[in-house]
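input.cif follows (mmCIF, C-alpha atoms and all ligand atoms):
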data_data
#
loop_
_atom_site.label_atom_id
_atom_site.label_comp_id
_atom_site.auth_asym_id
_atom_site.auth_seq_id
_atom_site.Cartn_x
_atom_site.Cartn_y
_atom_site.Cartn_z
CA MET A 1317 18.37 -31.11 -11.16
CA PHE A 1318 15.16 -32.68 -9.81
CA THR A 1319 13.99 -33.91 -13.22
CA ASP A 1320 12.98 -37.34 -11.90
CA LEU A 1321 10.19 -35.65 -9.92
CA LYS A 1322 8.16 -35.15 -13.11
CA ASN A 1323 4.91 -37.14 -12.81
CA LYS A 1324 5.79 -38.34 -9.31
CA ARG A 1325 2.66 -38.54 -7.15
CA VAL A 1326 3.18 -36.42 -4.04
CA LEU A 1327 0.78 -36.06 -1.11
CA ILE A 1328 1.52 -33.21 1.32
CA THR A 1329 -0.51 -32.86 4.51
CA GLY A 1330 -1.12 -29.37 5.89
CA SER A 1331 -0.37 -27.66 2.60
CA SER A 1332 -2.95 -24.91 2.16
CA ALA A 1333 -0.46 -22.40 3.60
CA GLY A 1334 3.08 -21.96 4.89
CA MET A 1335 5.83 -24.48 4.22
CA GLY A 1336 3.43 -27.13 2.91
CA LEU A 1337 2.12 -24.79 0.23
CA ALA A 1338 5.62 -23.59 -0.71
CA ALA A 1339 6.66 -27.24 -1.07
CA ALA A 1340 3.55 -27.99 -3.17
CA LEU A 1341 4.47 -25.12 -5.51
CA ALA A 1342 8.04 -26.36 -5.79
CA PHE A 1343 6.84 -29.89 -6.70
CA ALA A 1344 4.26 -28.53 -9.17
CA ARG A 1345 7.07 -26.54 -10.84
CA GLN A 1346 8.92 -29.86 -11.36
CA GLY A 1347 5.87 -31.38 -13.07
CA ALA A 1348 4.87 -33.59 -10.12
CA LYS A 1349 1.27 -34.59 -9.44
CA VAL A 1350 0.40 -32.98 -6.14
CA GLY A 1351 -2.29 -33.53 -3.54
CA ILE A 1352 -2.66 -30.63 -1.14
CA ASN A 1353 -4.58 -30.93 2.11
CA SER A 1354 -6.05 -29.07 5.03
CA HIS A 1355 -8.62 -29.78 7.72
CA ASN A 1356 -10.64 -26.80 6.49
CA VAL A 1357 -11.40 -25.41 3.05
CA PRO A 1358 -9.24 -22.30 2.82
CA PRO A 1359 -11.07 -19.19 1.55
CA GLU A 1360 -8.42 -18.64 -1.15
CA LEU A 1361 -8.55 -22.25 -2.41
CA GLU A 1362 -9.38 -21.43 -6.05
CA GLU A 1363 -6.49 -18.94 -6.32
CA THR A 1364 -4.16 -21.46 -4.71
CA LEU A 1365 -5.20 -24.19 -7.15
CA SER A 1366 -4.74 -21.96 -10.20
CA LEU A 1367 -1.32 -20.94 -8.91
CA LEU A 1368 -0.36 -24.60 -8.56
CA ARG A 1369 -1.86 -25.58 -11.91
CA GLN A 1370 -0.04 -22.90 -13.92
CA TYR A 1371 2.83 -25.35 -14.50
CA GLY A 1372 0.50 -27.78 -16.29
CA GLY A 1373 0.64 -30.56 -13.72
CA GLU A 1374 -2.26 -32.24 -11.98
CA VAL A 1375 -3.17 -30.85 -8.58
CA GLU A 1376 -6.03 -31.75 -6.25
CA PHE A 1377 -7.21 -30.40 -2.91
CA LEU A 1378 -8.22 -33.14 -0.47
CA GLN A 1379 -9.85 -32.04 2.75
CA ALA A 1380 -9.08 -34.14 5.83
CA ASP A 1381 -8.32 -33.55 9.48
CA VAL A 1382 -5.17 -35.61 9.96
CA THR A 1383 -5.51 -35.64 13.75
CA ARG A 1384 -8.18 -38.29 13.10
CA SER A 1385 -7.06 -41.76 12.06
CA ASP A 1386 -10.20 -42.45 10.02
CA GLU A 1387 -9.64 -39.25 8.04
CA CYS A 1388 -5.99 -40.23 7.43
CA ALA A 1389 -7.21 -43.50 5.92
CA HIS A 1390 -9.70 -41.65 3.72
CA LEU A 1391 -7.11 -39.09 2.64
CA VAL A 1392 -4.64 -41.72 1.45
CA ALA A 1393 -7.42 -43.67 -0.29
CA ALA A 1394 -8.78 -40.54 -2.01
CA PHE A 1395 -5.30 -39.54 -3.20
CA VAL A 1396 -4.58 -43.00 -4.60
CA GLU A 1397 -7.94 -43.13 -6.32
CA ARG A 1398 -7.29 -39.73 -7.94
CA PHE A 1399 -3.65 -40.29 -8.98
CA GLY A 1400 -3.42 -44.08 -9.28
CA GLY A 1401 -0.74 -44.51 -6.62
CA LEU A 1402 1.60 -42.71 -4.24
CA ASP A 1403 5.34 -42.08 -4.58
CA VAL A 1404 6.04 -39.45 -1.92
CA LEU A 1405 4.23 -38.79 1.36
CA ILE A 1406 5.06 -35.57 3.17
CA ASN A 1407 3.82 -35.41 6.77
CA ASN A 1408 3.86 -31.65 7.16
CA ALA A 1409 0.66 -30.84 9.07
CA GLY A 1410 1.56 -29.79 12.57
CA GLY A 1411 1.68 -26.90 14.94
CA LEU A 1412 2.17 -25.70 18.46
CA GLY A 1413 -1.40 -26.44 19.56
CA GLY A 1414 -1.09 -23.78 22.26
CA ARG A 1415 1.37 -23.18 25.06
CA ALA A 1416 1.06 -24.59 28.57
CA ASN A 1417 3.51 -24.88 31.41
CA LEU A 1418 3.92 -28.37 32.82
CA GLU A 1419 1.71 -27.81 35.87
CA ALA A 1420 -1.16 -26.63 33.64
CA ILE A 1421 -1.08 -29.54 31.20
CA ASP A 1422 -4.17 -31.74 31.16
CA ASP A 1423 -5.16 -34.73 29.03
CA GLU A 1424 -7.00 -32.57 26.53
CA PHE A 1425 -3.93 -30.40 25.89
CA TYR A 1426 -1.62 -33.40 25.64
CA ASP A 1427 -3.94 -35.19 23.19
CA ARG A 1428 -4.38 -32.08 21.04
CA VAL A 1429 -0.64 -31.52 20.57
CA MET A 1430 0.28 -35.18 20.16
CA ASP A 1431 -2.60 -35.93 17.79
CA LEU A 1432 -1.63 -33.02 15.54
CA ASN A 1433 2.10 -33.73 15.40
CA ALA A 1434 2.58 -37.42 16.19
CA ARG A 1435 -0.59 -39.44 15.61
CA SER A 1436 -1.17 -37.66 12.27
CA ALA A 1437 2.23 -38.67 10.87
CA LEU A 1438 1.99 -42.18 12.33
CA MET A 1439 -1.41 -42.90 10.81
CA MET A 1440 -0.70 -41.22 7.47
CA THR A 1441 2.47 -43.29 7.15
CA ARG A 1442 0.70 -46.47 8.22
CA PHE A 1443 -1.95 -46.10 5.51
CA ALA A 1444 0.57 -44.94 2.89
CA ILE A 1445 3.02 -47.84 3.31
CA PRO A 1446 1.26 -50.39 1.03
CA HIS A 1447 1.08 -47.83 -1.78
CA LEU A 1448 4.68 -46.66 -1.33
CA ARG A 1449 5.83 -50.28 -1.32
CA ALA A 1450 3.88 -51.04 -4.51
CA ALA A 1451 5.16 -47.90 -6.26
CA ALA A 1452 8.79 -48.66 -5.34
CA LYS A 1453 8.41 -52.16 -6.76
CA ALA A 1454 6.70 -50.97 -9.94
CA ARG A 1455 9.19 -48.16 -10.59
CA GLY A 1456 12.31 -50.08 -9.55
CA GLU A 1457 13.48 -47.11 -7.47
CA THR A 1458 12.86 -45.84 -3.97
CA THR A 1459 9.72 -44.06 -2.80
CA CYS A 1460 9.70 -42.08 0.39
CA VAL A 1461 8.19 -40.50 3.46
CA ILE A 1462 9.40 -37.05 4.48
CA SER A 1463 8.18 -35.52 7.73
CA THR A 1464 8.52 -31.96 8.93
CA GLY A 1465 10.36 -32.08 12.23
CA SER A 1466 11.59 -29.05 14.14
CA ILE A 1467 14.56 -27.39 15.78
CA ALA A 1468 12.39 -27.72 18.92
CA GLY A 1469 12.69 -31.49 18.62
CA ARG A 1470 16.46 -31.03 18.86
CA GLU A 1471 16.70 -28.55 21.74
CA GLY A 1472 13.51 -28.92 23.81
CA GLY A 1473 11.46 -25.91 22.64
CA GLY A 1474 10.52 -22.72 24.44
CA VAL A 1475 8.84 -22.63 27.86
CA GLY A 1476 5.25 -23.85 27.42
CA ALA A 1477 6.08 -25.69 24.20
CA GLY A 1478 7.53 -28.83 25.77
CA VAL A 1479 4.90 -31.25 24.48
CA TYR A 1480 5.21 -29.80 20.97
CA ALA A 1481 9.01 -30.15 21.11
CA ALA A 1482 8.72 -33.70 22.43
CA SER A 1483 6.22 -34.60 19.69
CA LYS A 1484 8.76 -33.51 17.08
CA ALA A 1485 11.56 -35.46 18.82
CA TRP A 1486 9.18 -38.45 18.79
CA LEU A 1487 8.74 -37.97 15.05
CA HIS A 1488 12.51 -37.70 14.51
CA ASP A 1489 12.97 -40.96 16.35
CA ILE A 1490 10.14 -43.05 14.93
CA HIS A 1491 11.57 -42.40 11.46
CA ARG A 1492 14.69 -44.27 12.58
CA ASN A 1493 12.51 -47.22 13.50
CA TRP A 1494 10.70 -47.18 10.17
CA VAL A 1495 14.05 -47.26 8.36
CA LYS A 1496 14.69 -50.63 10.03
CA GLU A 1497 11.31 -52.03 9.02
CA PHE A 1498 10.76 -50.70 5.50
CA THR A 1499 14.11 -50.20 3.76
CA VAL A 1500 13.67 -53.71 2.44
CA ASP A 1501 10.57 -52.42 0.61
CA GLY A 1502 12.48 -49.60 -1.09
CA ILE A 1503 10.99 -46.85 1.10
CA ARG A 1504 13.20 -44.07 2.49
CA PHE A 1505 12.40 -41.88 5.52
CA ASN A 1506 13.88 -38.45 6.07
CA ILE A 1507 13.09 -35.36 8.14
CA VAL A 1508 13.21 -31.72 7.16
CA SER A 1509 13.80 -29.83 10.41
CA PRO A 1510 13.07 -26.10 10.10
CA GLY A 1511 14.32 -23.43 12.45
CA THR A 1512 12.27 -20.24 12.74
CA ILE A 1513 10.34 -19.83 9.50
CA ASP A 1514 8.09 -16.87 8.77
CA THR A 1515 4.63 -18.44 8.55
CA ALA A 1516 1.31 -18.24 10.41
CA PHE A 1517 3.00 -20.41 13.04
CA HIS A 1518 4.44 -17.18 14.49
CA ASP A 1519 1.24 -15.10 14.27
CA GLY A 1520 0.66 -13.34 17.53
CA LYS A 1521 4.32 -12.66 18.29
CA SER A 1522 5.05 -8.97 18.90
CA ASP A 1523 7.51 -7.09 16.67
CA GLU A 1524 9.78 -6.85 19.68
CA LEU A 1525 9.80 -10.61 20.22
CA ARG A 1526 10.32 -11.27 16.51
CA ALA A 1527 13.32 -8.91 16.52
CA LYS A 1528 14.74 -10.66 19.58
CA ILE A 1529 14.38 -14.09 17.93
CA ALA A 1530 15.89 -12.81 14.65
CA ALA A 1531 18.87 -11.45 16.57
CA SER A 1532 19.50 -14.93 18.03
CA ILE A 1533 19.86 -16.44 14.55
CA PRO A 1534 23.32 -16.15 12.97
CA MET A 1535 21.71 -15.15 9.66
CA GLY A 1536 19.87 -12.39 11.56
CA ARG A 1537 16.38 -13.15 10.24
CA PHE A 1538 13.56 -15.69 10.06
CA GLY A 1539 13.71 -18.10 7.13
CA THR A 1540 11.07 -18.16 4.41
CA ALA A 1541 8.86 -21.09 3.43
CA GLU A 1542 10.43 -20.94 -0.05
CA GLU A 1543 13.87 -21.47 1.46
CA VAL A 1544 12.70 -24.72 3.07
CA ALA A 1545 10.95 -26.16 -0.01
CA PRO A 1546 14.09 -27.38 -1.86
CA ALA A 1547 14.94 -29.66 1.08
CA PHE A 1548 11.70 -31.56 0.40
CA LEU A 1549 12.54 -31.82 -3.31
CA PHE A 1550 15.99 -33.19 -2.47
CA PHE A 1551 14.67 -35.96 -0.23
CA ALA A 1552 11.84 -36.79 -2.67
CA SER A 1553 14.19 -37.22 -5.61
CA HIS A 1554 15.56 -40.74 -5.94
CA ALA A 1555 18.24 -39.38 -8.26
CA CYS A 1556 19.44 -36.91 -5.61
CA SER A 1557 19.03 -38.89 -2.40
CA GLY A 1558 18.39 -42.54 -3.31
CA TYR A 1559 21.06 -43.67 -0.80
CA ILE A 1560 19.98 -41.29 1.98
CA THR A 1561 17.54 -42.49 4.64
CA GLY A 1562 16.99 -41.97 8.36
CA GLN A 1563 18.47 -38.48 8.24
CA ILE A 1564 17.46 -35.07 9.54
CA LEU A 1565 18.23 -32.00 7.45
CA ASP A 1566 18.21 -28.77 9.48
CA VAL A 1567 17.15 -25.62 7.62
CA ASN A 1568 17.67 -22.95 10.24
CA GLY A 1569 20.04 -20.14 9.26
CA GLY A 1570 22.62 -21.46 11.71
CA GLN A 1571 20.28 -21.17 14.73
CA MET A 1572 21.45 -24.58 15.87
CA ALA A 1573 24.10 -26.99 14.62
CA PRO A 1574 23.27 -30.39 16.17
P1 LIG A 1601 1.21 -22.97 8.88
O1 LIG A 1601 0.31 -22.66 10.03
O2 LIG A 1601 1.55 -21.86 7.93
O3 LIG A 1601 0.61 -24.18 8.03
C1 LIG A 1601 0.02 -25.28 8.64
C2 LIG A 1601 -0.82 -26.01 7.63
O4 LIG A 1601 -1.37 -27.18 8.25
C3 LIG A 1601 -2.01 -25.20 7.12
O5 LIG A 1601 -2.23 -25.52 5.76
C4 LIG A 1601 -3.16 -25.72 7.98
O6 LIG A 1601 -4.42 -25.55 7.37
C5 LIG A 1601 -2.77 -27.19 8.07
N1 LIG A 1601 -3.37 -27.92 9.19
C6 LIG A 1601 -3.46 -27.54 10.48
N2 LIG A 1601 -4.10 -28.48 11.21
C7 LIG A 1601 -4.42 -29.48 10.35
C8 LIG A 1601 -5.09 -30.72 10.49
N3 LIG A 1601 -5.57 -31.12 11.68
N4 LIG A 1601 -5.25 -31.49 9.40
C9 LIG A 1601 -4.78 -31.09 8.19
N5 LIG A 1601 -4.13 -29.94 8.00
C10 LIG A 1601 -3.96 -29.13 9.07
O7 LIG A 1601 2.51 -23.57 9.55
P2 LIG A 1601 3.99 -23.89 9.04
O8 LIG A 1601 4.90 -23.04 9.83
O9 LIG A 1601 4.10 -23.91 7.57
O10 LIG A 1601 4.13 -25.36 9.65
C11 LIG A 1601 4.32 -26.52 8.87
C12 LIG A 1601 5.06 -27.54 9.71
O11 LIG A 1601 6.33 -27.00 10.07
C13 LIG A 1601 4.39 -27.93 11.01
O12 LIG A 1601 4.56 -29.31 11.21
C14 LIG A 1601 5.18 -27.15 12.06
O13 LIG A 1601 5.14 -27.77 13.32
C15 LIG A 1601 6.55 -27.21 11.46
N6 LIG A 1601 7.52 -26.19 11.91
C16 LIG A 1601 7.28 -24.87 11.76
C17 LIG A 1601 8.26 -23.96 12.13
C18 LIG A 1601 8.11 -22.48 11.90
O14 LIG A 1601 8.94 -21.71 12.44
N7 LIG A 1601 7.15 -22.02 11.14
C19 LIG A 1601 9.46 -24.41 12.70
C20 LIG A 1601 9.65 -25.77 12.85
C21 LIG A 1601 8.69 -26.66 12.44
#

Whole structure given in structure tokens:
Amino acid sequence: MFTDLKNKRVLITGSSAGMGLAAALAFARQGAKVGINSHNVPPELEETLSLLRQYGGEVEFLQADVTRSDECAHLVAAFVERFGGLDVLINNAGGLGGRANLEAIDDEFYDRVMDLNARSALMMTRFAIPHLRAAAKARGETTCVISTGSIAGREGGGVGAGVYAASKAWLHDIHRNWVKEFTVDGIRFNIVSPGTIDTAFHDGKSDELRAKIAASIPMGRFGTAEEVAPAFLFFASHACSGYITGQILDVNGGQMAP
């Protein structure tokens, strides 16, 4: 179904674990060339790389802290040098960055959350655009940016997670702007918006709280990273979604139907 992803050059930020890693595996299975990334070198890196390389495709780990604009520039440059171009950028790195009620928020907290979820995607996209434009022209089909949004960006997030939720709403909206600027270049922009997915994101939640959250989801459980991965494949595939841009696909077990 996703056969046109073979040999596509895919860079996924924040992909040493969780949904980014599950997406990397799904792309590798399709024969794509995949760049995975994290700000730190994960202890299980070698195992992860052999897992990704079992399908015969090319895979590289590129360390960069995407909260820093200079490191975003280096990450894109390193990926392009390694793979000769870029067809799909996935802005997946992100996270809560802590919880703080409004009256406790200071500049440091605000910057931390916005840098991780908003600045990272903005700068990665900025540096990726020339390569995505060139690849679209050379291939004669669309290339794309996919960002990981959130159900929180739709409904405001839990108490203490307002800046995180707003950063994801920001991301949802800036994609709409990029559609206006770059569709002419053959670049599509779509969002995968997960609900509650069982990753390290929810570490620290008690069993009781997890059960309460699960009970609030019509499907009665958290989603898995593997259940989110096909949404990335769909948006990356020109054959599947070449006429789809500026959209948000919610993968949330019915938790919310915007
Ligand atoms: P995760 O914690 O399992 O994975 C996060 C990944 O990002 C890891 O590989 C980590 O090393 C990397 N990372 C963290 N900071 C980084 C940085 N500064 N630079 C580069 N890489 C960095 O989390 P996840 O749940 O898979 O989250 C992936 C995305 O999904 C995030 O954008 C998150 O906000 C979003 N999201 C998660 C959920 C959920 O329920 N898990 C729901 C909605 C949205």

Q: Can you work out which one of A:Ser1385, A:Thr1458, A:Ser1331, A:Gln1571 has the shortest atom-to-atom distance to ligand LIG 1601 (chain A), counting all atoms listed in the file?
A: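 Closest candidate: A:Ser1331.
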
Do you have, as JSON lines, the list of residues of chain A lying at most 7 Å from ligand LIG 1601 (chain A), each with its nearest atom pair and that distance in Å to one decimal, counting only C-alpha atoms and all ligand atoms and ordered by chain then number?
{"residue": "A:Thr1329", "atom": "CA", "partner": "A:LIG1601", "partner_atom": "N5", "distance": 5.8}
{"residue": "A:Gly1330", "atom": "CA", "partner": "A:LIG1601", "partner_atom": "O4", "distance": 3.2}
{"residue": "A:Ser1331", "atom": "CA", "partner": "A:LIG1601", "partner_atom": "O5", "distance": 4.2}
{"residue": "A:Ser1332", "atom": "CA", "partner": "A:LIG1601", "partner_atom": "O5", "distance": 3.7}
{"residue": "A:Ala1333", "atom": "CA", "partner": "A:LIG1601", "partner_atom": "O5", "distance": 4.2}
{"residue": "A:Gly1334", "atom": "CA", "partner": "A:LIG1601", "partner_atom": "O2", "distance": 3.4}
{"residue": "A:Met1335", "atom": "CA", "partner": "A:LIG1601", "partner_atom": "O9", "distance": 3.8}
{"residue": "A:Gly1336", "atom": "CA", "partner": "A:LIG1601", "partner_atom": "O9", "distance": 5.7}
{"residue": "A:Asn1353", "atom": "CA", "partner": "A:LIG1601", "partner_atom": "N5", "distance": 6.0}
{"residue": "A:Ser1354", "atom": "CA", "partner": "A:LIG1601", "partner_atom": "N5", "distance": 3.6}
{"residue": "A:His1355", "atom": "CA", "partner": "A:LIG1601", "partner_atom": "C9", "distance": 4.1}
{"residue": "A:Asn1356", "atom": "CA", "partner": "A:LIG1601", "partner_atom": "O6", "distance": 6.4}
{"residue": "A:Ala1380", "atom": "CA", "partner": "A:LIG1601", "partner_atom": "C9", "distance": 5.8}
{"residue": "A:Asp1381", "atom": "CA", "partner": "A:LIG1601", "partner_atom": "N4", "distance": 3.7}
{"residue": "A:Val1382", "atom": "CA", "partner": "A:LIG1601", "partner_atom": "N4", "distance": 4.2}
{"residue": "A:Thr1383", "atom": "CA", "partner": "A:LIG1601", "partner_atom": "N3", "distance": 5.0}
{"residue": "A:Asn1408", "atom": "CA", "partner": "A:LIG1601", "partner_atom": "O12", "distance": 4.7}
{"residue": "A:Ala1409", "atom": "CA", "partner": "A:LIG1601", "partner_atom": "O4", "distance": 4.3}
{"residue": "A:Gly1410", "atom": "CA", "partner": "A:LIG1601", "partner_atom": "O12", "distance": 3.3}
{"residue": "A:Gly1411", "atom": "CA", "partner": "A:LIG1601", "partner_atom": "O13", "distance": 3.9}
{"residue": "A:Leu1412", "atom": "CA", "partner": "A:LIG1601", "partner_atom": "O13", "distance": 6.3}
{"residue": "A:Leu1432", "atom": "CA", "partner": "A:LIG1601", "partner_atom": "N3", "distance": 5.8}
{"residue": "A:Asn1433", "atom": "CA", "partner": "A:LIG1601", "partner_atom": "O12", "distance": 6.6}
{"residue": "A:Thr1464", "atom": "CA", "partner": "A:LIG1601", "partner_atom": "O12", "distance": 5.3}
{"residue": "A:Gly1465", "atom": "CA", "partner": "A:LIG1601", "partner_atom": "C21", "distance": 5.7}
{"residue": "A:Ser1466", "atom": "CA", "partner": "A:LIG1601", "partner_atom": "C20", "distance": 4.0}
{"residue": "A:Ile1467", "atom": "CA", "partner": "A:LIG1601", "partner_atom": "C20", "distance": 5.9}
{"residue": "A:Ala1468", "atom": "CA", "partner": "A:LIG1601", "partner_atom": "C20", "distance": 6.9}
{"residue": "A:Ser1509", "atom": "CA", "partner": "A:LIG1601", "partner_atom": "C20", "distance": 6.3}
{"residue": "A:Pro1510", "atom": "CA", "partner": "A:LIG1601", "partner_atom": "C20", "distance": 4.4}
{"residue": "A:Gly1511", "atom": "CA", "partner": "A:LIG1601", "partner_atom": "C19", "distance": 5.0}
{"residue": "A:Thr1512", "atom": "CA", "partner": "A:LIG1601", "partner_atom": "O14", "distance": 3.7}
{"residue": "A:Ile1513", "atom": "CA", "partner": "A:LIG1601", "partner_atom": "O14", "distance": 3.8}
{"residue": "A:Asp1514", "atom": "CA", "partner": "A:LIG1601", "partner_atom": "N7", "distance": 5.7}
{"residue": "A:Thr1515", "atom": "CA", "partner": "A:LIG1601", "partner_atom": "O2", "distance": 4.6}
{"residue": "A:Ala1516", "atom": "CA", "partner": "A:LIG1601", "partner_atom": "O2", "distance": 4.4}
{"residue": "A:Phe1517", "atom": "CA", "partner": "A:LIG1601", "partner_atom": "O8", "distance": 4.6}
{"residue": "A:His1518", "atom": "CA", "partner": "A:LIG1601", "partner_atom": "N7", "distance": 6.5}
{"residue": "A:Ala1541", "atom": "CA", "partner": "A:LIG1601", "partner_atom": "O9", "distance": 6.9}

Check which residues of region 1332-1413 of chain A sit at most 12 Å from region 1500-1504 of chain A using only C-alpha atoms, and return one row each with the closest pair of atoms and their distance in Å to one decimal, ordered by chain and rising number, as a Markdown table.
| residue | atom | partner | partner_atom | distance |
| --- | --- | --- | --- | --- |
| A:Leu1402 | CA | A:Ile1503 | CA | 11.6 |
| A:Asp1403 | CA | A:Ile1503 | CA | 9.3 |
| A:Val1404 | CA | A:Ile1503 | CA | 9.4 |
| A:Leu1405 | CA | A:Arg1504 | CA | 10.5 |
| A:Ile1406 | CA | A:Arg1504 | CA | 11.8 |

Please produce an output containing C-alpha atoms for each residue in the selection, written as a tab-separated table (two decimals), in the coordinates of the input.
chain	number	residue	atom	x	y	z
A	1402	LEU	CA	1.60	-42.71	-4.24
A	1403	ASP	CA	5.34	-42.08	-4.58
A	1404	VAL	CA	6.04	-39.45	-1.92
A	1405	LEU	CA	4.23	-38.79	1.36
A	1406	ILE	CA	5.06	-35.57	3.17

Q.
Applying 7 Å and all atoms listed in the file, which residues near Val1350 (chain A) remain after dropping the ones on its own chain fewer than 2 positions away? List them as a PyMOL selection string.
A. chain A and resi 1325-1327+1340+1344+1348+1352+1374-1376

(Q) Calculated over all atoms listed in the file, which of the candidates A:Ala1573, A:Val1567, A:Leu1321, A:Ala1389 has the smallest distance to Arg1442 (chain A)? (A) A:Ala1389

(Q) Ranking A:Phe1343, A:Phe1318, A:Phe1550, A:Phe1505 by minimum distance to Ala1437 (chain A) and counting only C-alpha atoms, which one comes first? (A) A:Phe1505

Q. What is the CA of Leu1487 (chain A)-CA of Ser1463 (chain A) distance in Å, reported with one decimal?
A. 7.7 Å

Q.
Residues near Lys1322 (chain A), anyone? I mean within 6 Å using only C-alpha atoms, not counting same-chain ones fewer than 3 positions away, as a ChimeraX atom specification.
A. /A:1319,1346-1348

(Q) As an exercise, work out the distance from CA of Arg1537 (chain A) to CA of Leu1549 (chain A) in Å and give it to one decimal place. (A)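 Computing the Euclidean distance for CA of Arg1537 (chain A) and CA of Leu1549 (chain A) yields 23.4 Å.
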
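In this comparison, which uses only C-alpha atoms, the residue of A:Gly1469, A:Gly1474, A:Leu1378, A:Met1317 approaching Ala1393 (chain A) most closely is A:Leu1378.
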
N, CA and C atoms restored at region 1534-1547 of chain A, emitted as a compact mmCIF listing (two decimals), keeping the file's coordinate frame:
# COMPACT_ATOMS: atom_id res chain seq x y z
N PRO A 1534 22.13 -16.68 13.63
CA PRO A 1534 23.32 -16.15 12.97
C PRO A 1534 23.03 -15.40 11.66
N MET A 1535 22.03 -15.87 10.90
CA MET A 1535 21.71 -15.15 9.66
C MET A 1535 20.87 -13.90 9.92
N GLY A 1536 20.49 -13.66 11.18
CA GLY A 1536 19.87 -12.39 11.56
C GLY A 1536 18.43 -12.21 11.14
N ARG A 1537 17.77 -13.28 10.72
CA ARG A 1537 16.38 -13.15 10.24
C ARG A 1537 15.69 -14.50 10.28
N PHE A 1538 14.33 -14.46 10.22
CA PHE A 1538 13.56 -15.69 10.06
C PHE A 1538 13.83 -16.23 8.65
N GLY A 1539 13.65 -17.53 8.47
CA GLY A 1539 13.71 -18.10 7.13
C GLY A 1539 12.36 -17.94 6.44
N THR A 1540 12.33 -18.20 5.14
CA THR A 1540 11.07 -18.16 4.41
C THR A 1540 10.66 -19.59 4.05
N ALA A 1541 9.37 -19.76 3.82
CA ALA A 1541 8.86 -21.09 3.43
C ALA A 1541 9.53 -21.55 2.13
N GLU A 1542 9.80 -20.60 1.25
CA GLU A 1542 10.43 -20.94 -0.05
C GLU A 1542 11.86 -21.44 0.14
N GLU A 1543 12.50 -21.00 1.22
CA GLU A 1543 13.87 -21.47 1.46
C GLU A 1543 13.91 -22.89 2.03
N VAL A 1544 12.76 -23.35 2.52
CA VAL A 1544 12.70 -24.72 3.07
C VAL A 1544 12.32 -25.72 1.97
N ALA A 1545 11.52 -25.26 1.01
CA ALA A 1545 10.95 -26.16 -0.01
C ALA A 1545 11.98 -27.05 -0.73
N PRO A 1546 13.15 -26.52 -1.13
CA PRO A 1546 14.09 -27.38 -1.86
C PRO A 1546 14.57 -28.60 -1.06
N ALA A 1547 14.53 -28.50 0.27
CA ALA A 1547 14.94 -29.66 1.08
C ALA A 1547 13.97 -30.83 0.86
